>>> print(open('data_5.tsv').read())   # TSV, C-alpha atoms
chain	number	residue	atom	x	y	z
A	1	MET	CA	0.00	0.00	0.00
A	2	THR	CA	1.44	3.37	-1.07
A	3	HIS	CA	2.30	6.09	1.44
A	4	MET	CA	3.15	9.71	0.64
A	5	GLU	CA	3.29	13.21	2.05
A	6	VAL	CA	0.77	15.82	0.94
A	7	ILE	CA	-0.28	19.36	1.87
A	8	ILE	CA	-4.04	19.97	1.82
A	9	GLU	CA	-4.92	22.97	-0.34
A	10	ARG	CA	-8.69	23.21	0.11
A	11	ILE	CA	-11.88	21.27	0.83
A	12	LEU	CA	-13.80	19.92	-2.15
A	13	PRO	CA	-17.53	19.31	-2.59
A	14	GLY	CA	-18.16	16.05	-0.81
A	15	GLY	CA	-15.93	17.12	2.11
A	16	LEU	CA	-12.59	15.62	1.02
A	17	GLY	CA	-9.38	17.62	1.23
A	18	LEU	CA	-7.45	18.25	-2.00
A	19	GLY	CA	-3.69	17.95	-2.38
A	20	HIS	CA	-1.14	17.11	-5.08
A	21	ALA	CA	1.90	14.84	-4.85
A	22	ASP	CA	3.98	12.71	-7.24
A	23	GLY	CA	1.96	13.88	-10.22
A	24	LYS	CA	-1.30	12.75	-8.63
A	25	THR	CA	-4.36	14.53	-7.31
A	26	ILE	CA	-4.87	13.30	-3.75
A	27	MET	CA	-8.27	13.31	-2.03
A	28	VAL	CA	-7.97	12.97	1.75
A	29	ALA	CA	-10.85	12.35	4.14
A	30	LEU	CA	-11.11	14.24	7.46
A	31	SER	CA	-8.37	16.70	6.56
A	32	ALA	CA	-8.07	20.47	6.99
A	33	PRO	CA	-6.72	23.16	4.62
A	34	GLY	CA	-3.04	23.66	5.41
A	35	ASP	CA	-2.51	20.20	6.95
A	36	ARG	CA	0.82	18.54	6.08
A	37	LEU	CA	0.03	14.85	6.19
A	38	ARG	CA	1.45	11.42	5.71
A	39	VAL	CA	-1.36	9.55	3.98
A	40	ARG	CA	-2.09	6.00	2.94
A	41	ILE	CA	-3.49	5.53	-0.56
A	42	GLU	CA	-6.67	3.43	-0.35
A	43	ARG	CA	-7.53	3.33	-4.06
A	44	GLU	CA	-6.60	5.01	-7.32
A	45	LYS	CA	-8.50	5.96	-10.44
A	46	GLY	CA	-6.16	7.21	-13.15
A	47	THR	CA	-4.21	10.17	-11.74
A	48	VAL	CA	-6.65	10.60	-8.81
A	49	ALA	CA	-5.93	8.84	-5.53
A	50	PHE	CA	-8.17	8.55	-2.48
A	51	ALA	CA	-6.32	8.45	0.81
A	52	SER	CA	-6.69	8.32	4.57
A	53	ILE	CA	-4.55	10.10	7.15
A	54	GLU	CA	-1.76	8.00	8.62
A	55	GLU	CA	0.01	10.82	10.48
A	56	ILE	CA	-0.50	14.57	10.90
A	57	LEU	CA	3.02	15.92	10.35
A	58	SER	CA	2.04	19.57	10.76
A	59	PRO	CA	-1.54	20.47	11.67
A	60	SER	CA	-3.46	23.24	9.96
A	61	GLU	CA	-4.22	26.40	11.90
A	62	PHE	CA	-7.89	25.50	11.32
A	63	ARG	CA	-7.62	22.03	12.85
A	64	VAL	CA	-9.18	21.28	16.23
A	65	GLU	CA	-9.45	18.12	18.30
A	66	PRO	CA	-12.74	16.38	17.45
A	67	PRO	CA	-14.73	16.02	20.69
A	68	CYS	CA	-16.69	12.93	19.54
A	69	PRO	CA	-15.03	9.58	20.37
A	70	TYR	CA	-16.62	8.04	17.26
A	71	PHE	CA	-15.18	10.59	14.84
A	72	GLY	CA	-13.28	8.83	12.09
A	73	SER	CA	-15.34	5.66	12.43
A	74	CYS	CA	-18.89	6.98	12.33
A	75	GLY	CA	-19.92	8.28	8.92
A	76	GLY	CA	-22.27	10.90	10.31
A	77	CYS	CA	-19.86	13.84	10.76
A	78	ASP	CA	-16.86	14.69	8.60
A	79	PHE	CA	-16.03	18.29	9.64
A	80	GLN	CA	-15.35	17.95	13.37
A	81	GLN	CA	-11.63	18.40	12.66
A	82	LEU	CA	-12.30	22.01	11.53
A	83	ASN	CA	-13.00	24.98	13.76
A	84	TYR	CA	-16.43	26.44	13.12
A	85	GLU	CA	-15.30	29.46	11.08
A	86	ALA	CA	-13.31	27.13	8.83
A	87	GLN	CA	-16.39	24.91	8.40
A	88	LEU	CA	-18.42	27.91	7.25
A	89	GLN	CA	-15.70	29.10	4.88
A	90	ALA	CA	-15.32	25.61	3.41
A	91	LYS	CA	-19.05	25.49	2.70
A	92	VAL	CA	-18.96	28.86	0.96
A	93	GLU	CA	-16.14	27.58	-1.26
A	94	ILE	CA	-18.00	24.32	-1.93
A	95	ILE	CA	-21.03	26.29	-3.15
A	96	ARG	CA	-18.86	28.54	-5.32
A	97	ASP	CA	-16.97	25.59	-6.77
A	98	CYS	CA	-20.19	23.79	-7.75
A	99	LEU	CA	-21.84	26.87	-9.25
A	100	ARG	CA	-18.75	27.65	-11.31
A	101	ARG	CA	-17.63	24.16	-12.34
A	102	ILE	CA	-20.98	22.36	-12.69
A	103	GLY	CA	-23.42	25.22	-13.18
A	104	GLY	CA	-21.24	27.25	-15.53
A	105	LEU	CA	-22.02	30.41	-13.57
A	106	THR	CA	-19.24	32.89	-14.32
A	107	ASN	CA	-20.56	35.76	-12.23
A	108	ILE	CA	-21.39	34.25	-8.84
A	109	PRO	CA	-23.16	36.77	-6.61
A	110	GLU	CA	-21.80	37.59	-3.17
A	111	PHE	CA	-23.79	35.68	-0.60
A	112	GLU	CA	-24.07	35.20	3.13
A	113	ILE	CA	-23.89	31.91	5.01
A	114	VAL	CA	-26.06	31.99	8.10
A	115	ALA	CA	-24.33	30.28	11.01
A	116	ALA	CA	-26.18	27.77	13.17
A	117	PRO	CA	-27.11	29.11	16.62
A	118	ASN	CA	-26.05	25.74	18.04
A	119	GLN	CA	-23.04	23.96	16.58
A	120	TRP	CA	-23.78	20.88	18.68
A	121	HIS	CA	-27.01	19.18	19.87
A	122	TYR	CA	-29.00	20.72	17.03
A	123	ARG	CA	-30.23	17.67	15.14
A	124	SER	CA	-33.97	17.14	15.72
A	125	ARG	CA	-34.50	14.42	13.11
A	126	THR	CA	-32.32	11.37	12.52
A	127	GLN	CA	-32.03	7.75	11.38
A	128	TRP	CA	-30.28	5.04	13.38
A	129	GLN	CA	-29.03	1.78	11.90
A	130	PHE	CA	-29.49	-1.52	13.76
A	131	ASP	CA	-27.33	-4.66	13.54
A	132	SER	CA	-29.13	-7.36	15.53
A	133	ILE	CA	-26.38	-9.96	15.09
A	134	ARG	CA	-23.56	-7.83	16.53
A	135	ARG	CA	-25.94	-5.82	18.76
A	136	ARG	CA	-24.97	-2.46	17.37
A	137	LEU	CA	-27.15	0.64	17.14
A	138	GLY	CA	-25.91	3.89	15.64
A	139	TYR	CA	-24.88	5.11	12.18
A	140	PHE	CA	-23.17	3.54	9.22
A	141	GLU	CA	-19.40	3.80	9.16
A	142	SER	CA	-18.02	6.06	6.44
A	143	SER	CA	-18.34	4.48	2.95
A	144	SER	CA	-19.60	1.27	4.54
A	145	ARG	CA	-22.74	-0.64	5.48
A	146	ARG	CA	-21.19	-1.66	8.80
A	147	VAL	CA	-22.93	-0.14	11.82
A	148	CYS	CA	-20.86	2.03	14.15
A	149	ASP	CA	-22.22	1.41	17.66
A	150	VAL	CA	-22.95	4.85	19.16
A	151	ALA	CA	-23.94	5.37	22.78
A	152	GLU	CA	-23.93	9.17	22.67
A	153	CYS	CA	-24.22	11.44	19.63
A	154	ALA	CA	-22.89	14.99	19.99
A	155	VAL	CA	-25.18	16.52	17.36
A	156	LEU	CA	-28.52	15.14	18.61
A	157	VAL	CA	-30.92	17.29	20.59
A	158	PRO	CA	-31.31	15.96	24.17
A	159	GLU	CA	-34.74	14.41	23.47
A	160	LEU	CA	-33.31	12.24	20.67
A	161	GLN	CA	-30.31	11.29	22.78
A	162	GLN	CA	-32.72	10.03	25.44
A	163	SER	CA	-34.64	8.06	22.80
A	164	LEU	CA	-31.39	6.52	21.53
A	165	GLU	CA	-30.54	5.44	25.07
A	166	LYS	CA	-33.97	3.81	25.50
A	167	LEU	CA	-33.58	1.89	22.25
A	168	ARG	CA	-30.11	0.78	23.31
A	169	GLU	CA	-31.58	-0.54	26.57
A	170	GLU	CA	-34.09	-2.58	24.57
A	171	MET	CA	-31.29	-3.83	22.30
A	172	ASN	CA	-29.17	-4.90	25.27
A	173	GLN	CA	-32.16	-6.68	26.78
A	174	GLY	CA	-32.71	-8.51	23.49
A	175	SER	CA	-36.23	-7.10	23.06
A	176	LEU	CA	-35.73	-5.46	19.65
A	177	PRO	CA	-36.96	-7.69	16.79
A	178	ALA	CA	-34.04	-9.26	14.94
A	179	ASP	CA	-35.37	-8.35	11.49
A	180	LEU	CA	-35.29	-4.58	12.11
A	181	ARG	CA	-32.69	-2.64	10.15
A	182	HIS	CA	-33.20	1.00	11.08
A	183	PHE	CA	-35.19	3.51	13.11
A	184	ARG	CA	-36.24	7.03	12.17
A	185	ALA	CA	-36.95	9.61	14.87
A	186	VAL	CA	-38.16	13.20	14.98
A	187	VAL	CA	-38.71	15.59	17.88
A	188	GLY	CA	-41.97	17.43	18.38
A	189	ASP	CA	-42.86	20.20	20.79
A	190	GLU	CA	-43.86	17.74	23.51
A	191	ALA	CA	-42.91	14.23	22.33
A	192	VAL	CA	-40.71	12.14	20.07
A	193	SER	CA	-41.95	10.04	17.14
A	194	ILE	CA	-40.01	6.89	16.29
A	195	ALA	CA	-40.59	4.60	13.31
A	196	SER	CA	-38.90	1.34	12.37
A	197	ASP	CA	-38.40	-0.01	8.87
A	198	LYS	CA	-40.67	-3.00	9.56
A	199	ALA	CA	-43.56	-1.18	11.23
A	200	SER	CA	-46.49	0.10	9.23
A	201	ILE	CA	-46.97	2.93	11.71
A	202	THR	CA	-44.60	4.82	13.94
A	203	ARG	CA	-43.29	2.92	16.93
A	204	PRO	CA	-43.44	4.95	20.15
A	205	THR	CA	-40.78	4.23	22.73
A	206	GLY	CA	-41.19	5.50	26.28
A	207	SER	CA	-43.78	7.68	27.98
A	208	ASP	CA	-42.69	10.82	26.11
A	209	SER	CA	-43.22	9.26	22.66
A	210	SER	CA	-46.12	9.43	20.26
A	211	PRO	CA	-46.78	8.07	16.74
A	212	GLU	CA	-47.59	11.62	15.62
A	213	VAL	CA	-46.10	14.86	16.92
A	214	THR	CA	-46.55	18.58	16.33
A	215	ARG	CA	-43.83	21.14	15.82
A	216	THR	CA	-44.32	24.91	16.05
A	217	ILE	CA	-42.18	26.92	13.63
A	218	GLY	CA	-42.60	30.66	13.12
A	219	GLY	CA	-45.96	30.65	14.88
A	220	GLU	CA	-47.37	27.87	12.65
A	221	THR	CA	-48.07	24.33	13.90
A	222	TYR	CA	-47.09	21.32	11.81
A	223	HIS	CA	-48.32	17.76	12.36
A	224	LEU	CA	-45.79	15.11	11.31
A	225	SER	CA	-44.30	11.74	12.19
A	226	ALA	CA	-40.91	10.07	12.05
A	227	GLN	CA	-41.76	8.75	8.59
A	228	SER	CA	-42.23	12.30	7.26
A	229	PHE	CA	-39.43	14.41	5.88
A	230	PHE	CA	-38.81	17.52	7.98
A	231	GLN	CA	-35.82	19.82	8.15
A	232	THR	CA	-33.36	18.66	10.79
A	233	ASN	CA	-32.25	22.00	12.28
A	234	ALA	CA	-35.28	23.75	13.76
A	235	ASP	CA	-33.18	26.66	15.05
A	236	LEU	CA	-32.74	28.02	11.51
A	237	LEU	CA	-36.17	27.23	10.06
A	238	PRO	CA	-37.83	30.65	10.59
A	239	ARG	CA	-34.97	32.35	8.72
A	240	LEU	CA	-34.96	29.66	6.03
A	241	ILE	CA	-38.69	30.18	5.41
A	242	ASP	CA	-38.27	33.94	5.29
A	243	ALA	CA	-35.42	33.61	2.78
A	244	ALA	CA	-37.38	31.22	0.56
A	245	LEU	CA	-40.49	33.37	0.42
A	246	ALA	CA	-38.65	36.72	0.48
A	247	GLU	CA	-41.05	39.49	-0.60
A	248	THR	CA	-43.13	37.27	-2.87
A	249	SER	CA	-46.89	37.61	-3.28
A	250	GLY	CA	-49.39	37.43	-6.11
A	251	GLN	CA	-52.20	35.43	-7.63
A	252	SER	CA	-50.75	31.97	-8.15
A	253	ALA	CA	-47.97	29.79	-6.75
A	254	ILE	CA	-46.84	26.19	-7.10
A	255	GLU	CA	-44.74	24.28	-4.60
A	256	LEU	CA	-42.98	21.07	-5.65
A	257	TYR	CA	-41.83	18.45	-3.11
A	258	CYS	CA	-43.89	20.15	-0.40
A	259	GLY	CA	-43.49	17.49	2.32
A	260	VAL	CA	-45.76	18.20	5.29
A	261	GLY	CA	-46.17	21.82	4.20
A	262	LEU	CA	-43.30	23.71	5.83
A	263	PHE	CA	-43.33	26.35	3.06
A	264	THR	CA	-46.90	25.69	1.93
A	265	ILE	CA	-48.61	27.34	4.89
A	266	PRO	CA	-46.76	30.67	4.62
A	267	LEU	CA	-47.13	30.53	0.82
A	268	ALA	CA	-50.89	30.12	1.15
A	269	GLY	CA	-51.05	33.33	3.15
A	270	ARG	CA	-49.40	35.30	0.32
A	271	PHE	CA	-50.99	33.96	-2.86
A	272	ALA	CA	-54.64	33.72	-3.90
A	273	ARG	CA	-54.20	30.25	-5.41
A	274	VAL	CA	-51.61	27.69	-4.36
A	275	ILE	CA	-51.04	24.09	-5.46
A	276	ALA	CA	-48.53	21.95	-3.55
A	277	VAL	CA	-47.27	18.65	-4.95
A	278	GLU	CA	-45.88	15.75	-2.90
A	279	ASP	CA	-45.50	12.10	-3.94
A	280	ASP	CA	-45.35	10.62	-0.43
A	281	GLU	CA	-48.90	9.85	0.69
A	282	SER	CA	-48.28	10.26	4.42
A	283	ALA	CA	-46.54	13.62	3.98
A	284	ALA	CA	-49.28	14.85	1.62
A	285	ASN	CA	-51.94	13.92	4.17
A	286	PHE	CA	-50.06	15.79	6.89
A	287	ALA	CA	-49.81	18.82	4.58
A	288	ARG	CA	-53.59	18.80	4.15
A	289	VAL	CA	-54.12	18.53	7.92
A	290	ASN	CA	-51.67	21.37	8.54
A	291	LEU	CA	-53.34	23.63	5.98
A	292	THR	CA	-56.78	22.92	7.42
A	293	SER	CA	-55.52	23.58	10.97
A	294	ALA	CA	-54.18	26.93	9.76
A	295	GLY	CA	-57.53	27.80	8.17
A	296	LEU	CA	-56.11	27.52	4.65
A	297	SER	CA	-58.24	24.70	3.28
A	298	THR	CA	-58.57	26.25	-0.19
A	299	THR	CA	-54.93	25.43	-0.97
A	300	LYS	CA	-54.72	22.17	-2.91
A	301	VAL	CA	-52.25	19.38	-2.19
A	302	ALA	CA	-51.68	16.95	-5.07
A	303	ASN	CA	-50.43	13.54	-3.89
A	304	GLN	CA	-48.61	12.64	-7.08
A	305	ASP	CA	-45.14	12.14	-8.50
A	306	VAL	CA	-43.81	15.63	-9.23
A	307	GLY	CA	-42.72	14.79	-12.77
A	308	ASP	CA	-46.07	13.17	-13.55
A	309	TRP	CA	-48.00	16.15	-12.16
A	310	LEU	CA	-46.00	18.59	-14.26
A	311	ALA	CA	-46.45	16.48	-17.39
A	312	GLN	CA	-50.21	16.73	-16.90
A	313	ASN	CA	-50.31	20.42	-16.01
A	314	VAL	CA	-47.81	22.19	-18.26
A	315	ASN	CA	-50.57	24.06	-20.08
A	316	LEU	CA	-52.31	26.08	-17.42
A	317	ASN	CA	-55.38	27.32	-19.30
A	318	GLU	CA	-58.79	28.45	-18.14
A	319	GLU	CA	-59.75	24.88	-17.24
A	320	SER	CA	-56.67	24.30	-15.12
A	321	ALA	CA	-56.38	24.60	-11.36
A	322	LEU	CA	-54.50	27.91	-11.45
A	323	HIS	CA	-56.32	29.58	-14.37
A	324	GLY	CA	-53.34	31.35	-15.85
A	325	PRO	CA	-49.62	32.06	-15.60
A	326	VAL	CA	-47.63	31.07	-12.53
A	327	ASP	CA	-46.28	33.98	-10.49
A	328	PHE	CA	-44.05	31.93	-8.20
A	329	LEU	CA	-42.70	28.39	-8.09
A	330	LEU	CA	-40.84	26.94	-5.11
A	331	LEU	CA	-39.07	23.59	-5.18
A	332	ASP	CA	-37.27	21.82	-2.36
A	333	PRO	CA	-36.19	18.47	-3.88
A	334	PRO	CA	-34.30	15.67	-2.11
A	335	ARG	CA	-30.51	15.56	-2.16
A	336	ALA	CA	-30.52	14.03	-5.66
A	337	GLY	CA	-32.05	17.24	-7.01
A	338	ALA	CA	-34.89	17.53	-9.51
A	339	GLU	CA	-35.29	15.00	-12.29
A	340	SER	CA	-34.61	16.23	-15.84
A	341	ARG	CA	-38.31	15.97	-16.65
A	342	VAL	CA	-39.15	18.09	-13.60
A	343	ILE	CA	-36.87	20.88	-14.81
A	344	ALA	CA	-38.36	20.48	-18.29
A	345	GLY	CA	-41.86	20.79	-16.82
A	346	ILE	CA	-40.91	23.90	-14.89
A	347	LEU	CA	-39.58	25.48	-18.07
A	348	GLU	CA	-42.86	24.63	-19.81
A	349	LEU	CA	-44.78	26.37	-17.02
A	350	ARG	CA	-42.45	29.37	-17.27
A	351	PRO	CA	-43.07	30.82	-13.79
A	352	ARG	CA	-42.10	34.46	-13.42
A	353	HIS	CA	-40.12	33.78	-10.26
A	354	ILE	CA	-38.47	30.55	-9.04
A	355	CYS	CA	-37.09	29.72	-5.60
A	356	TYR	CA	-34.88	26.62	-5.48
A	357	VAL	CA	-34.17	25.33	-1.95
A	358	SER	CA	-31.36	22.78	-2.02
A	359	CYS	CA	-29.36	20.64	0.40
A	360	ASP	CA	-26.75	19.71	-2.24
A	361	PRO	CA	-24.82	22.43	-4.11
A	362	ALA	CA	-23.78	19.98	-6.84
A	363	THR	CA	-27.31	19.00	-7.86
A	364	LEU	CA	-28.46	22.61	-7.48
A	365	ALA	CA	-25.72	23.66	-9.90
A	366	ARG	CA	-26.63	20.89	-12.35
A	367	ASP	CA	-30.28	21.98	-12.42
A	368	LEU	CA	-29.37	25.68	-12.42
A	369	LYS	CA	-27.41	25.25	-15.65
A	370	LYS	CA	-30.63	24.22	-17.43
A	371	LEU	CA	-32.57	27.13	-15.97
A	372	LEU	CA	-29.90	29.64	-16.98
A	373	ALA	CA	-29.86	28.21	-20.51
A	374	ALA	CA	-33.60	28.96	-20.65
A	375	ASN	CA	-32.92	32.64	-19.89
A	376	TYR	CA	-33.58	32.66	-16.17
A	377	THR	CA	-31.22	34.87	-14.19
A	378	VAL	CA	-30.02	34.55	-10.59
A	379	LYS	CA	-31.58	37.21	-8.41
A	380	SER	CA	-30.17	36.20	-5.02
A	381	LEU	CA	-28.43	33.43	-3.12
A	382	ILE	CA	-28.09	32.71	0.58
A	383	ALA	CA	-26.73	29.69	2.45
A	384	PHE	CA	-27.70	28.21	5.81
A	385	ASP	CA	-25.52	25.98	7.95
A	386	MET	CA	-28.27	23.49	8.72
A	387	PHE	CA	-25.75	20.68	9.30
A	388	PRO	CA	-22.79	21.79	11.48
A	389	GLN	CA	-19.90	19.32	11.78
A	390	THR	CA	-20.64	17.98	8.28
A	391	HIS	CA	-19.86	19.19	4.76
A	392	HIS	CA	-23.57	19.50	3.94
A	393	VAL	CA	-25.10	22.95	3.45
A	394	GLU	CA	-28.53	24.34	2.57
A	395	THR	CA	-28.93	27.03	-0.10
A	396	VAL	CA	-31.83	29.21	-1.17
A	397	MET	CA	-31.61	30.64	-4.69
A	398	HIS	CA	-34.08	33.00	-6.33
A	399	LEU	CA	-34.32	33.30	-10.13
A	400	ASN	CA	-36.31	35.62	-12.40
A	401	SER	CA	-37.41	35.01	-15.96
>>> encode(input="data_5.tsv", output="structure tokens")
Amino acid sequence: MTHMEVIIERILPGGLGLGHADGKTIMVALSAPGDRLRVRIEREKGTVAFASIEEILSPSEFRVEPPCPYFGSCGGCDFQQLNYEAQLQAKVEIIRDCLRRIGGLTNIPEFEIVAAPNQWHYRSRTQWQFDSIRRRLGYFESSSRRVCDVAECAVLVPELQQSLEKLREEMNQGSLPADLRHFRAVVGDEAVSIASDKASITRPTGSDSSPEVTRTIGGETYHLSAQSFFQTNADLLPRLIDAALAETSGQSAIELYCGVGLFTIPLAGRFARVIAVEDDESAANFARVNLTSAGLSTTKVANQDVGDWLAQNVNLNEESALHGPVDFLLLDPPRAGAESRVIAGILELRPRHICYVSCDPATLARDLKKLLAANYTVKSLIAFDMFPQTHHVETVMHLNS
């Protein structure tokens, strides 16, 4: 196995450090800009080598001692080796790199990254992996399907840490079914919802658990469960919503990938007609409940695949649900971004104003390139550090036609 010395120049999208040595481009996990390292080459692809740290010869000024005992084994966090300011700067550069290299954006606007109020104990939604044979409960190891057994997670909110401890007690007592593979959990205002991969409904654990919970964000109440997608960092959600909606208002709006309605409720208060689209049946039902609870029952939620819905509604004429042109379209797709046919459908609709909320700068940039080619222009960009101690970052981009 090859060993070499390398100096880390910067952090790349995906969180790996970049260096060059012996005519090769070296990608090093868990490194910091300015580190001088002795690394072990794990695999090579042409002139690119992927390496792990064998010895820190000279640490970067940005390097700190990771406080989590599982760091390096657990695949959940990959930025604990960086001080917080360096984490934020790395995320800004990741966004810029993706927009320039993938999106072809030559004039990237100046933008702010909003720091997380809590760098630790912020995560209010999570998924734990379970290995019944080895009796392990935690997260997958990095680039592996092996389960890293975690007794205490430094990024979980206290309520989820308590739920993890209760599940671990059940595991140690042998009372967890052997065919379970994972648990999902989300914190509500007064309880925790936990769902397993084998249960048809959420699986409450402990007296403070409930199959369904409510969460109050920005004065609005959302019903949800562990099986529903919901943003993981509640501290930043009011600002995220404000950034996504900005000063928008008008006659008609469409929201794609609406989930349980995080953006739908405030959207419905600003536009005369709103249609929200969500393919997950449970999430769509929660969105309807949340709209009704907010007194916004005229807003329509379509429980349908987003691409299919767009294919059926690209010509919004007098017989359509919106009766005319679309003033505003908001999309918040999963990490994989929007499908090509979704972007094609959006371009057919030709909304005057688009807001793209993204948790992956690379897929945002990929989709942005198509929107720019169709003569949309970037109006604004802002980033939110929704995931401290990881390379992940949330962005909100506004575009005008």
>>> residues_around(input="data_5.tsv", residues="Ser340 in chain A", least_positions_apart="3", cutoff="12 Å", atoms="all atoms listed in the file", output="list in words")
Val306, Gly307, Leu310, Ala311, Ala336, Gly337, Ile343, Ala344, Gly345, Ile346, Leu347, Thr363, Arg366, Asp367, Leu368, Lys369, Lys370 and Leu371 of chain A
>>> residues_around(input="data_5.tsv", residues="Ala151 in chain A", least_positions_apart="3", cutoff="10 Å", atoms="all atoms listed in the file", output="PyMOL selection string")
chain A and resi 70+136-138+148+161+164-165+168
>>> residues_around(input="data_5.tsv", residues="range 28-36 of chain A", least_positions_apart="5", cutoff="10 Å", atoms="all atoms listed in the file", output="JSON, numbers by chain")
{"A": [5, 6, 7, 8, 9, 10, 11, 12, 14, 15, 16, 17, 18, 19, 41, 42, 49, 50, 51, 52, 53, 55, 56, 57, 58, 59, 60, 61, 62, 63, 64, 71, 72, 77, 78, 79, 80, 81, 82, 83, 86, 87, 90, 142]}
>>> closest_atom_pairs(input="data_5.tsv", of="range 110-158 of chain A", to="range 184-192 of chain A", cutoff="8 Å", atoms="only C-alpha atoms", output="CSV")
residue,atom,partner,partner_atom,distance
A:Ser124,CA,A:Val187,CA,5.4
A:Arg125,CA,A:Val186,CA,4.3
A:Thr126,CA,A:Ala185,CA,5.5
A:Gln127,CA,A:Arg184,CA,4.3
A:Trp128,CA,A:Arg184,CA,6.4
>>> closest_residue(input="data_5.tsv", among="A:Arg352, A:Arg135, A:Lys198, A:Arg146", to="Gln227 in chain A", atoms="all atoms listed in the file")
A:Lys198
>>> residues_around(input="data_5.tsv", residues="range 218-220 of chain A", least_positions_apart="2", cutoff="9 Å", atoms="all atoms listed in the file", output="number ranges by chain")
A: 215-216, 222, 237-239, 241, 262, 265-266, 290, 294
>>> residues_around(input="data_5.tsv", residues="Glu110 in chain A", least_positions_apart="6", cutoff="9 Å", atoms="only C-alpha atoms", output="PDB file with C-alpha atoms, keeping the file's coordinate frame")
ATOM      1  CA  SER A 380     -30.170  36.200  -5.020  1.00  0.00           C
ATOM      2  CA  LEU A 381     -28.430  33.430  -3.120  1.00  0.00           C
ATOM      3  CA  ILE A 382     -28.090  32.710   0.580  1.00  0.00           C
TER       4      ILE A 382
END
>>> residues_near_point(input="data_5.tsv", point="(-43.1, 19.1, -1.0)", cutoff="6 Å", atoms="only C-alpha atoms", output="ChimeraX atom specification")
/A:256-259,277-278
>>> axis_aligned_box(input="data_5.tsv", around="range 78-95 of chain A", padding_each_side="3 Å", output="AutoDock Vina command-line options")
--center_x -16.3 --center_y 22.1 --center_z 5.3 --size_x 15.4 --size_y 20.8 --size_z 22.9
>>> atom_distance(input="data_5.tsv", atom1="CA of Pro177 in chain A", atom2="CA of Val147 in chain A")
16.7 Å
>>> atom_distance(input="data_5.tsv", atom1="CA of Gln89 in chain A", atom2="CA of Ser144 in chain A")
28.1 Å
>>> closest_residue(input="data_5.tsv", among="A:Asn233, A:Ile217, A:Leu240, A:Asp149", to="Ser73 in chain A", atoms="all atoms listed in the file")
A:Asp149
>>> closest_residue(input="data_5.tsv", among="A:Ser175, A:Thr2, A:Thr47, A:Ser228", to="His20 in chain A", atoms="all atoms listed in the file")
A:Thr47
>>> atom_distance(input="data_5.tsv", atom1="CA of Gln251 in chain A", atom2="CA of Val289 in chain A")
23.0 Å
>>> closest_residue(input="data_5.tsv", among="A:Arg96, A:Lys91, A:His398, A:Lys45", to="Pro351 in chain A", atoms="all atoms listed in the file")
A:His398
>>> closest_residue(input="data_5.tsv", among="A:Lys379, A:Arg43, A:Arg335, A:Arg341", to="Phe111 in chain A", atoms="all atoms listed in the file")
A:Lys379
>>> closest_residue(input="data_5.tsv", among="A:Pro13, A:His121, A:Ile354, A:Ala284", to="Cys98 in chain A", atoms="only C-alpha atoms")
A:Pro13
